[in-house]
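Only one structure is covered here, and it is reproduced in the block below.
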Amino acid sequence: MADEHGGGAAAEKADTPPKSGRRSKSSGTAGRAALRPLLWRLHFLGGVLAAPIVLSLAITGILFAWNPQIEQALHGKALTAVADGPPRPLSQQVAAATATHPDWSVTTVTPAAPRAPGGEQTTAVTLSPPETEPDRFGQPRGVTTVYVDPASAKVTGSIVENDRPEEWLRNLHSSWQLGTIATPLTELAASWVLVSLLTGLYLWWPRDRRALRRAFRFRRPGRARWRSLHGTLGAVGSVGLALLVVTGLTWTEYAGSWVDLAKSQFRSDAPAVSTQLTTAPATGGEPAGRSEVHEATSDPLARIDRVAATAEEAGLHGVVELEPPQRPGQAWTASVDDNRWPVTATSLAIDPGSGEVTDRVGWDDYPLLAKATTLGIDFHQAQLFGTVNRIGLTLLATALIVLVLAGYRTWWLRRSSGGLGVPPRMGPLLRTTPLPLLLGFGLLMVTLPVLGASFLVYLLLERLVRALRGPAPRVFRRSQF
């Protein structure tokens, strides 16, 4: 935010007590003045390390938020049903899809649900090739979803999952299509954005009426206008931007590992249904249900109509995803694929032989931490509140783009002729930093390991450059920040 470039000076002058002021107020003002150079440097460093990457994340994030509409525009033919009449049995639709790749295995089936929010007009059958290797993003290659018109049981088209807009945009957003090797860079940017938001909010915060008026100087041309735009956008959007950053960090490689550790320690992983089918002894010494299980698992798709009917009778409505058993003796899995609020994350294990529900997991079975992370991810992916979520994240990302550009413009106008307008060095500032602030930032560095590592590298480089260039005269003016 912008107050580090000059608005803070006005705040400090306004905070300066009269000659007869109390000593406590004077010491408080001096303490804030001592903190400002350090926070300014951290804010500036966050802009240098994060801003270019943040621009990319904001633009690709907007595209990802609207990927359902993009997918409909690119693959409308495959996703649109044209035949009239009642739907054919689901088994016939699946047979039509598997006929396109006879040797491939079915991994999931999503029946058509044109009236459900987020549902498609066609039935989606995802097929996996016999032998597949992971790509540079860790996803299996060649997996294809075949779409079938439910009324005619004819194939309308197919989409290779690696080329699906959602997957392509996700990889562009997280790693610029470079693979997992580039994902730490996005974690680096997100970590420093959090630092920039906290330090910027402190630097911008008006401490009296005069400073408040100076924080909104949009009518003044030049640096004052850009600084006001930068600071105001950061302050107004700070809560939403912080929520967006934190929810994104929960599934990063390093910061997200703390979330995984907490889930493990508190047994808060998202629950999953048990697909193992149990058998009880029957008369004649033969386990009851053995022949039925064998019949179902020898060709598990033959029972899909019974499984789908059981899922509907058990209360699963909307977009339902059916997953066949991976090996004999296992049940089908049926789950509601709906990430909108209120969340109805329900999964069933269904015995294909008897058509009975053998296990059930609902949203109420989720531990609190699992609920929080699930809701956070759904919000970050613009799914939790549907179109409202997409519009909200689009506005936040747009504000972030303007925020970054206004920050660059403010810095450019503020720098002196022939200089870079760099704040004071970090090393000397740290030696005068209050211990509680040092401990707080140290805790943040541990929580965000990429932030900590980059900050230590920066301090090392700063010291190395100073050693090579020799000590420079320390020129520092309060009006600079």
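Letters for chains follow the order of the structure tokens (A, B, ...), residue numbers begin at 1 for each chain, and ligand numbers begin at 1 in the order shown.
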
Next on the checklist: So that I can check the surroundings of region 112-123 of chain A, please list as a list of chain:residue names every protein, DNA and RNA residue that reaches within 7 Å of it, counting only C-alpha atoms and ignoring chain neighbours fewer than 5 positions away.
Outcome noted: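 These residues fall inside the cut-off: A:Leu79, A:Thr80, A:Ala81, A:Tyr147, A:Val148, A:Asp149, A:Pro150, A:Gly318, A:Val319.
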
Got time to write the residues from that selection, C-alpha atoms, as a CSV table (one decimal), in the first residue's frame?
```
chain,number,residue,atom,x,y,z
A,79,LEU,CA,-22.0,-31.3,-23.6
A,80,THR,CA,-25.3,-30.8,-25.4
A,81,ALA,CA,-28.0,-33.4,-25.8
A,147,TYR,CA,-20.1,-37.9,-23.4
A,148,VAL,CA,-23.3,-39.7,-24.4
A,149,ASP,CA,-26.8,-38.4,-25.2
A,150,PRO,CA,-29.0,-40.0,-22.6
A,318,GLY,CA,-28.2,-33.5,-8.5
A,319,VAL,CA,-24.8,-34.2,-10.0
```

Quick one: residues within 9 Å of region 89-104 of chain A, only C-alpha atoms counted, chain neighbours fewer than 6 positions away excluded, as an mmCIF file with C-alpha atoms, in the first residue's frame?
```cif
data_model
loop_
_atom_site.group_PDB
_atom_site.id
_atom_site.type_symbol
_atom_site.label_atom_id
_atom_site.label_comp_id
_atom_site.auth_asym_id
_atom_site.auth_seq_id
_atom_site.Cartn_x
_atom_site.Cartn_y
_atom_site.Cartn_z
ATOM 1 C CA PRO A 111 -25.265 -39.430 -15.279
ATOM 2 C CA THR A 123 -23.759 -38.492 -19.429
ATOM 3 C CA ALA A 124 -19.999 -38.387 -18.767
ATOM 4 C CA VAL A 125 -18.047 -41.658 -18.768
ATOM 5 C CA THR A 126 -14.369 -41.279 -17.861
ATOM 6 C CA LEU A 127 -12.093 -43.940 -19.368
ATOM 7 C CA SER A 128 -8.491 -44.710 -18.489
ATOM 8 C CA PRO A 129 -6.017 -46.457 -20.846
ATOM 9 C CA PRO A 130 -4.491 -49.778 -19.711
ATOM 10 C CA THR A 145 -14.188 -38.474 -20.753
ATOM 11 C CA VAL A 146 -16.710 -39.639 -23.359
ATOM 12 C CA TYR A 147 -20.111 -37.906 -23.445
ATOM 13 C CA VAL A 148 -23.321 -39.723 -24.378
ATOM 14 C CA ASP A 149 -26.758 -38.361 -25.215
ATOM 15 C CA PRO A 150 -29.016 -40.017 -22.591
ATOM 16 C CA ALA A 151 -32.090 -40.270 -24.855
ATOM 17 C CA SER A 152 -30.361 -41.849 -27.868
ATOM 18 C CA ALA A 153 -27.360 -43.481 -26.152
ATOM 19 C CA LYS A 154 -25.139 -42.007 -28.900
ATOM 20 C CA VAL A 155 -21.739 -40.496 -28.290
ATOM 21 C CA LEU A 301 -20.650 -52.281 -15.051
ATOM 22 C CA ALA A 302 -23.455 -54.810 -15.505
ATOM 23 C CA ARG A 303 -24.924 -53.664 -12.163
ATOM 24 C CA ILE A 304 -24.696 -49.921 -12.733
ATOM 25 C CA ASP A 305 -28.454 -49.505 -13.214
ATOM 26 C CA ALA A 308 -27.787 -45.699 -9.732
#
```

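In terms of minimum interatomic distance to Phe379 (chain A), A:Ile391 ranks closest within A:Ile391, A:Val320, A:Val402, A:Leu63, counting only C-alpha atoms.
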
Next on the checklist: Residues within 10 Å of region 190-197 of chain A, please, as a ChimeraX atom specification. Count only C-alpha atoms; anything in the same chain fewer than 3 positions from it doesn't count.
Outcome noted: /A:1,39-51,53-54,57,184-187,200-203,234-235,237-239,241-246,248-249,252,255,441,444-445,447-452,454-455

Checklist entry - What's the 9 Å shell around Ala314 (chain A), counting only C-alpha atoms, without same-chain residues fewer than 3 positions away, as an NGL selection string? => result :A and (309-311 or 348 or 357)

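Note that CA of Leu188 (chain A) and CA of Tyr254 (chain A) are 10.1 Å apart.
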
Need to verify the contact set: region 138-143 of chain A, 12 Å, only C-alpha atoms, exclusion of same-chain residues closer than 4 positions in sequence. Can you return it as an mmCIF file with C-alpha atoms, in the first residue's frame?
```cif
data_model
loop_
_atom_site.group_PDB
_atom_site.id
_atom_site.type_symbol
_atom_site.label_atom_id
_atom_site.label_comp_id
_atom_site.auth_asym_id
_atom_site.auth_seq_id
_atom_site.Cartn_x
_atom_site.Cartn_y
_atom_site.Cartn_z
ATOM 1 C CA HIS A 101 -12.159 -47.540 -26.324
ATOM 2 C CA TRP A 104 -9.928 -49.057 -21.526
ATOM 3 C CA SER A 105 -11.362 -49.217 -18.009
ATOM 4 C CA VAL A 106 -14.176 -47.075 -16.630
ATOM 5 C CA THR A 107 -13.078 -44.899 -13.701
ATOM 6 C CA THR A 108 -16.193 -42.762 -13.127
ATOM 7 C CA VAL A 125 -18.047 -41.658 -18.768
ATOM 8 C CA THR A 126 -14.369 -41.279 -17.861
ATOM 9 C CA LEU A 127 -12.093 -43.940 -19.368
ATOM 10 C CA SER A 128 -8.491 -44.710 -18.489
ATOM 11 C CA PRO A 129 -6.017 -46.457 -20.846
ATOM 12 C CA PRO A 130 -4.491 -49.778 -19.711
ATOM 13 C CA GLU A 131 -1.043 -48.308 -19.185
ATOM 14 C CA THR A 132 -0.544 -44.644 -18.452
ATOM 15 C CA GLU A 133 2.247 -42.549 -17.013
ATOM 16 C CA PRO A 134 1.898 -39.308 -15.072
ATOM 17 C CA SER A 158 -15.066 -36.558 -25.837
ATOM 18 C CA ILE A 159 -12.558 -34.470 -23.888
ATOM 19 C CA VAL A 160 -9.047 -35.555 -22.918
ATOM 20 C CA GLU A 161 -8.775 -34.646 -19.227
ATOM 21 C CA ASN A 162 -5.287 -33.158 -19.575
ATOM 22 C CA ASP A 163 -6.666 -30.770 -22.213
ATOM 23 C CA ARG A 164 -9.825 -29.836 -20.344
ATOM 24 C CA GLU A 167 -7.147 -28.606 -15.850
ATOM 25 C CA TRP A 168 -5.240 -26.459 -18.338
ATOM 26 C CA ASN A 171 -1.838 -25.688 -14.302
ATOM 27 C CA LEU A 178 5.883 -25.721 -16.402
ATOM 28 C CA GLY A 179 4.985 -28.534 -14.021
ATOM 29 C CA THR A 180 5.478 -29.073 -10.306
ATOM 30 C CA ILE A 181 8.981 -27.599 -10.453
#
```

Could you pull out the residues in region 131-307 of chain A that DSSP calls alpha helix (DSSP H) from the backbone, as a PDB file with C-alpha atoms, in the first residue's frame?
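This is the output file result.pdb:
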```pdb
ATOM      1  CA  PRO A 165     -10.040 -26.033 -19.781  1.00  0.00           C
ATOM      2  CA  GLU A 166     -10.312 -26.492 -16.013  1.00  0.00           C
ATOM      3  CA  GLU A 167      -7.147 -28.606 -15.850  1.00  0.00           C
ATOM      4  CA  TRP A 168      -5.240 -26.459 -18.338  1.00  0.00           C
ATOM      5  CA  LEU A 169      -6.117 -23.230 -16.527  1.00  0.00           C
ATOM      6  CA  ARG A 170      -5.330 -24.756 -13.128  1.00  0.00           C
ATOM      7  CA  ASN A 171      -1.838 -25.688 -14.302  1.00  0.00           C
ATOM      8  CA  LEU A 172      -1.399 -22.272 -15.906  1.00  0.00           C
ATOM      9  CA  HIS A 173      -2.473 -20.608 -12.664  1.00  0.00           C
ATOM     10  CA  SER A 174      -0.231 -22.664 -10.381  1.00  0.00           C
ATOM     11  CA  SER A 175       2.875 -23.264 -12.501  1.00  0.00           C
ATOM     12  CA  THR A 183       4.812 -24.325  -8.031  1.00  0.00           C
ATOM     13  CA  PRO A 184       7.109 -22.986  -5.246  1.00  0.00           C
ATOM     14  CA  LEU A 185       7.198 -19.659  -7.110  1.00  0.00           C
ATOM     15  CA  THR A 186       3.464 -19.187  -6.720  1.00  0.00           C
ATOM     16  CA  GLU A 187       3.784 -20.101  -3.037  1.00  0.00           C
ATOM     17  CA  LEU A 188       6.567 -17.509  -2.759  1.00  0.00           C
ATOM     18  CA  ALA A 189       4.343 -14.823  -4.259  1.00  0.00           C
ATOM     19  CA  ALA A 190       1.339 -15.706  -2.099  1.00  0.00           C
ATOM     20  CA  SER A 191       3.466 -15.643   1.064  1.00  0.00           C
ATOM     21  CA  TRP A 192       4.880 -12.198   0.318  1.00  0.00           C
ATOM     22  CA  VAL A 193       1.450 -10.872  -0.656  1.00  0.00           C
ATOM     23  CA  LEU A 194       0.350 -11.647   2.889  1.00  0.00           C
ATOM     24  CA  VAL A 195       3.323  -9.685   4.258  1.00  0.00           C
ATOM     25  CA  SER A 196       2.636  -6.791   1.890  1.00  0.00           C
ATOM     26  CA  LEU A 197      -1.023  -6.669   2.974  1.00  0.00           C
ATOM     27  CA  LEU A 198      -0.163  -6.570   6.688  1.00  0.00           C
ATOM     28  CA  THR A 199       2.648  -4.031   6.389  1.00  0.00           C
ATOM     29  CA  GLY A 200       0.739  -1.941   3.854  1.00  0.00           C
ATOM     30  CA  LEU A 201      -2.312  -1.756   6.077  1.00  0.00           C
ATOM     31  CA  TYR A 202      -0.175  -0.491   8.974  1.00  0.00           C
ATOM     32  CA  LEU A 203       1.609   2.069   6.789  1.00  0.00           C
ATOM     33  CA  TRP A 204      -1.647   3.343   5.282  1.00  0.00           C
ATOM     34  CA  ARG A 209      -8.506  13.383  10.589  1.00  0.00           C
ATOM     35  CA  ARG A 210      -5.758  15.171   8.732  1.00  0.00           C
ATOM     36  CA  ALA A 211      -4.078  11.900   7.808  1.00  0.00           C
ATOM     37  CA  LEU A 212      -7.451  10.478   6.798  1.00  0.00           C
ATOM     38  CA  ARG A 213      -7.989  13.328   4.355  1.00  0.00           C
ATOM     39  CA  ARG A 214      -4.516  12.856   2.911  1.00  0.00           C
ATOM     40  CA  ARG A 223       2.045  10.530  -7.233  1.00  0.00           C
ATOM     41  CA  ALA A 224      -0.572  11.544  -4.648  1.00  0.00           C
ATOM     42  CA  ARG A 225      -3.408  10.184  -6.778  1.00  0.00           C
ATOM     43  CA  TRP A 226      -1.642   6.883  -7.495  1.00  0.00           C
ATOM     44  CA  ARG A 227      -0.629   6.509  -3.848  1.00  0.00           C
ATOM     45  CA  SER A 228      -4.219   7.085  -2.719  1.00  0.00           C
ATOM     46  CA  LEU A 229      -5.501   4.531  -5.241  1.00  0.00           C
ATOM     47  CA  HIS A 230      -2.896   1.983  -4.170  1.00  0.00           C
ATOM     48  CA  GLY A 231      -3.549   2.456  -0.461  1.00  0.00           C
ATOM     49  CA  THR A 232      -7.327   2.632  -0.644  1.00  0.00           C
ATOM     50  CA  LEU A 233      -7.656  -0.486  -2.782  1.00  0.00           C
ATOM     51  CA  GLY A 234      -5.334  -2.387  -0.469  1.00  0.00           C
ATOM     52  CA  ALA A 235      -7.185  -1.293   2.657  1.00  0.00           C
ATOM     53  CA  VAL A 236     -10.699  -1.896   1.315  1.00  0.00           C
ATOM     54  CA  SER A 238      -7.416  -6.441   2.522  1.00  0.00           C
ATOM     55  CA  VAL A 239      -9.820  -8.899   4.174  1.00  0.00           C
ATOM     56  CA  GLY A 240     -10.958 -10.469   0.907  1.00  0.00           C
ATOM     57  CA  LEU A 241      -7.426 -10.610  -0.489  1.00  0.00           C
ATOM     58  CA  ALA A 242      -6.067 -12.125   2.733  1.00  0.00           C
ATOM     59  CA  LEU A 243      -8.814 -14.776   2.648  1.00  0.00           C
ATOM     60  CA  LEU A 244      -7.994 -15.519  -0.984  1.00  0.00           C
ATOM     61  CA  VAL A 245      -4.273 -15.873  -0.203  1.00  0.00           C
ATOM     62  CA  VAL A 246      -4.723 -17.998   2.922  1.00  0.00           C
ATOM     63  CA  THR A 247      -7.152 -20.405   1.243  1.00  0.00           C
ATOM     64  CA  GLY A 248      -4.697 -20.773  -1.629  1.00  0.00           C
ATOM     65  CA  LEU A 249      -1.786 -21.482   0.721  1.00  0.00           C
ATOM     66  CA  ALA A 255       2.860 -24.009   3.838  1.00  0.00           C
ATOM     67  CA  GLY A 256       0.131 -26.564   3.160  1.00  0.00           C
ATOM     68  CA  SER A 257       2.192 -29.252   4.910  1.00  0.00           C
ATOM     69  CA  TRP A 258       1.333 -27.578   8.222  1.00  0.00           C
ATOM     70  CA  VAL A 259      -2.351 -28.027   7.432  1.00  0.00           C
ATOM     71  CA  ASP A 260      -1.734 -31.686   6.601  1.00  0.00           C
ATOM     72  CA  LEU A 261       0.186 -32.101   9.862  1.00  0.00           C
ATOM     73  CA  ALA A 262      -2.637 -30.524  11.846  1.00  0.00           C
ATOM     74  CA  LYS A 263      -5.170 -32.804  10.177  1.00  0.00           C
ATOM     75  CA  SER A 264      -3.054 -35.813  11.009  1.00  0.00           C
ATOM     76  CA  GLN A 265      -2.416 -34.813  14.621  1.00  0.00           C
ATOM     77  CA  ARG A 290     -19.891 -64.803  -2.296  1.00  0.00           C
ATOM     78  CA  SER A 291     -21.433 -65.785  -5.646  1.00  0.00           C
ATOM     79  CA  GLU A 292     -23.270 -62.451  -5.836  1.00  0.00           C
ATOM     80  CA  VAL A 293     -20.097 -60.465  -5.233  1.00  0.00           C
ATOM     81  CA  HIS A 294     -18.237 -62.544  -7.785  1.00  0.00           C
ATOM     82  CA  GLU A 295     -20.976 -61.989 -10.356  1.00  0.00           C
ATOM     83  CA  ALA A 296     -20.896 -58.247  -9.778  1.00  0.00           C
ATOM     84  CA  THR A 297     -17.149 -57.791  -9.790  1.00  0.00           C
ATOM     85  CA  SER A 298     -16.504 -59.990 -12.840  1.00  0.00           C
ATOM     86  CA  ILE A 304     -24.696 -49.921 -12.733  1.00  0.00           C
ATOM     87  CA  ASP A 305     -28.454 -49.505 -13.214  1.00  0.00           C
ATOM     88  CA  ARG A 306     -29.108 -51.050  -9.815  1.00  0.00           C
ATOM     89  CA  VAL A 307     -26.376 -48.908  -8.229  1.00  0.00           C
TER      90      VAL A 307
END
```

Checklist entry - By how many Å are CA of Pro86 (chain A) and CA of Ala345 (chain A) apart? => result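 Interatomic distance here is 28.3 Å.
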
Item to check | Selected residue, from A:Arg36, A:Arg267, A:Pro342, A:Ala58, that lies nearest to Leu430 (chain A) when counting only C-alpha atoms | outcome: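 Of the candidates, the smallest distance to Leu430 (chain A) is held by A:Arg36.
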
Checklist entry - Leaving out Leu369 (chain A) and any residue of its chain fewer than 3 positions from it, which residues lie within 7 Å of it when counting only C-alpha atoms, given as a PyMOL selection string? => result chain A and resi 263+268+372-373

Store the residues picked out above in a file with N, CA and C atoms, as an mmCIF file, in the first residue's frame.
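Below you can see out_4.cif, which holds the result:
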```
data_model
loop_
_atom_site.group_PDB
_atom_site.id
_atom_site.type_symbol
_atom_site.label_atom_id
_atom_site.label_comp_id
_atom_site.auth_asym_id
_atom_site.auth_seq_id
_atom_site.Cartn_x
_atom_site.Cartn_y
_atom_site.Cartn_z
ATOM 1 N N LYS A 263 -4.123 -31.811 10.427
ATOM 2 C CA LYS A 263 -5.170 -32.804 10.177
ATOM 3 C C LYS A 263 -4.779 -34.162 10.727
ATOM 4 N N SER A 268 -8.235 -35.146 11.659
ATOM 5 C CA SER A 268 -9.241 -34.305 11.015
ATOM 6 C C SER A 268 -9.238 -34.434 9.504
ATOM 7 N N ALA A 372 -13.369 -26.798 7.284
ATOM 8 C CA ALA A 372 -12.787 -25.481 7.013
ATOM 9 C C ALA A 372 -11.933 -25.500 5.751
ATOM 10 N N THR A 373 -11.078 -26.503 5.606
ATOM 11 C CA THR A 373 -10.218 -26.558 4.425
ATOM 12 C C THR A 373 -11.022 -26.831 3.160
#
```

Checklist entry - In Å, with one decimal, what is the gap from CA of Ser56 (chain A) to CA of Leu400 (chain A)? => result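 We find that CA of Ser56 (chain A) and CA of Leu400 (chain A) lie 10.7 Å from each other.
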